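Input: a single structure, listed below in structure tokens.
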Amino acid sequence: MKFIFSLLWLCCMTNAFTQVDAEDTPVSISALQTDARTLLITNVFIIDGTGTPGKMGSVRIAGDKIIGVGQLLPLPDEQILDGKGKVLAPGFIDSHSHHDRNLNDFPTALGAISQGITTIVIGQDGESDPIDSLKKWCITRPKSVNIATYTGHASLRIQVMGSDQLHRTATTTEILNMQKILRSEMTKGSFGLSTGLEYEEGFYASTDEVLQLAKTAAEYDGKYISHLRSEDIYLDEAIDEIITIGREAHIPVQVSHIKIALRDDWGTANQILAKLEAARAEGINITADVYPYEYWHSTIRVLFPNKDFTSLEAATFATTHLFDPAGSILVRYLPNPEYAGKTVSEIAVLRKETPEETLLYLVKAAENYGLEHPDETYIESIMGKSMSDADLIPFITWTHSNICSDGANGGHPRGYGAFTRVLAEYVREEKILLLETAINKMTALSADHVGIQGRGLIATGYYADLVLFDPDTVQDNANTDNAKAISDGIITVWVNGQIVFEHGGATNQFPGVFLSR
Ligand SMILES: [Zn+2]
């Protein structure tokens, strides 16, 4: 069995989108910031990341650190930046990101920095690169953002079991070998274990296999983050599974991009949250991250939760319960590239079929394409319209959820707009979150959930990862027609004390570092 539909589709965004990036903006004042002088950012409304009310003041930075916060007087010769009363917040920490995958070509990570993200947490959904190669990559190809990573369960499986052996649970010896690699990765700085149990590389693993690995991550105070085994028909069981892992491995566990992708269960977010709260009351440190959209971006194959990819009945269930074929757009489809950009319903009309027949065709033709093109790892993907705002709001407002993008450079608009969308939609327009709470969910709470130290707050001694923005005009502009539209209202972004984004573009400064646990 070959794994054409590897979750590795996530990592191959580079070639998928040929749109030219506006990443070559001229170098500006950040280039002047290399001397030993301090910078005083004055006249800013400081929202420090703790969730407490913001206040007017100044922030002083020297090198890559914050060295003063409050009512500060300028020093002789000090560089001054007048914040003009706008909000200064810690740089956003994206706890589930795929922005790394084309950083070789676009090391500015424009999609991330233009929405205020200064740290991306990668190695998600069970797929990761070895720490050694990531560290080397961060030195040989410097980037504008900081990078932290989990170690992926599927990547461990592939290394130990082989990519043609993933349709089974691992043997005891294989688990021991995976633990050995994981131990080494944890020692080198991995933040923990990630799984993508809905994807076929991870799906056939038993709970015990995952549990044994989670225990290993726990030995090093790591975390467990999971794209659950099901986000639709078996969501309840999948939540039970992650709670079990938290309970038995004594490890903090995070439900990543929490959602309810089964229409029949729309509106039941509070029941899910009650279950998570009950687990917390029992002493299990369970948290979640969430992105603010009603549609996901993944392989078409996730629409077949029972992996019965040729069943018309299953396809009909998918079109009636799991996604809206008229609102779900193919992002990439190599067997027939002109289908990209069209909805499943539109393709069905072209093919003179029902949407469910088309769904079966799309899966099958992609599978055949994979057999004929064994080196191609990213054959198809779809944005599946599948969630409801009625659930999104409780998930976003839950005390223990932080904001993530799950985004990349194109494809789904979340790659350019997730954080600014929360600030515009849920803070300013709908007023379901206080600005201070939203910032906390983008900074200190995320840092805490991932285990990142020294970032996520505006406080003396913290790294100078900062975002200056206008809360009255901040607005995501990316949408399904233009997934790379730059947000409004993000004025200046600093990473490790250097400006990486201003005047609506990247400065081509690359101060990002690799973060070790
Ligand atoms: Zn995922």
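Just remember, in the structure tokens the first chain shown is A, the second B, etc., residues are 1-based per chain, and ligands are 1-based in the order shown.
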Report task. Give the residues close to ligand 1, within 9 Å, counting only C-alpha atoms and all ligand atoms; write them as a ChimeraX atom specification. Result -> /A:7,96,124-126,195-196,198-199,226-228,256-257,296-298,406
Report task. Using DSSP on the backbone, list every residue of segment 284-429 of chain A that comes out as alpha helix (DSSP H), and give them as a PyMOL selection string. Result -> chain A and resi 312-317+344-351+355-372+389-397+414-421
Spatial neighbours of Gly83 of chain A, max dist 6 Å, only C-alpha atoms, sep filter under 6 positions, as a JSON list (two decimals) with C-alpha atoms, in the first residue's frame:
```
[["chain", "number", "residue", "atom", "x", "y", "z"],
["A", 42, "THR", "CA", 6.83, 55.64, 23.09],
["A", 43, "ASN", "CA", 3.16, 56.56, 23.26],
["A", 44, "VAL", "CA", 1.79, 53.05, 22.95]]
```
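Shortest separation to Asn368 of chain A among A:Pro252, A:Ile122, A:Trp137, A:Pro335 occurs at residue A:Pro335, atoms counted being only C-alpha atoms.
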Query raised in the report: Got a sec to tell me which of segment 88-271 of chain A DSSP assigns to strand (DSSP E), as an NGL selection string?
Result: :A and (88-90 or 92-94 or 117-122 or 146-149 or 151-152 or 192-196 or 223-227 or 253-255)
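Excluding Ile46 of chain A itself and same-chain residues fewer than 2 positions from it, the residues having an atom within 8 Å of it are Val44, Asp48, Gly54, Lys55, Met56, Gly57, Ser58, Val87, Leu88, Ala89 and Ile458 of chain A, counting only C-alpha atoms.
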Would you mind exporting C-alpha atoms of the selected residues as a PDB file, in the first residue's frame?
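Generated output (again_34.pdb):
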```pdb
ATOM      1  CA  VAL A  44       1.787  53.045  22.951  1.00  0.00           C
ATOM      2  CA  ASP A  48       1.328  42.899  27.812  1.00  0.00           C
ATOM      3  CA  GLY A  54      -3.694  47.582  28.787  1.00  0.00           C
ATOM      4  CA  LYS A  55      -2.161  50.936  29.666  1.00  0.00           C
ATOM      5  CA  MET A  56      -0.353  53.782  27.968  1.00  0.00           C
ATOM      6  CA  GLY A  57       3.414  53.792  28.281  1.00  0.00           C
ATOM      7  CA  SER A  58       6.717  53.092  26.598  1.00  0.00           C
ATOM      8  CA  VAL A  87      -1.505  48.985  20.604  1.00  0.00           C
ATOM      9  CA  LEU A  88       1.807  47.322  21.334  1.00  0.00           C
ATOM     10  CA  ALA A  89       1.480  43.611  22.100  1.00  0.00           C
ATOM     11  CA  ILE A 458       5.898  42.436  27.262  1.00  0.00           C
TER      12      ILE A 458
END
```
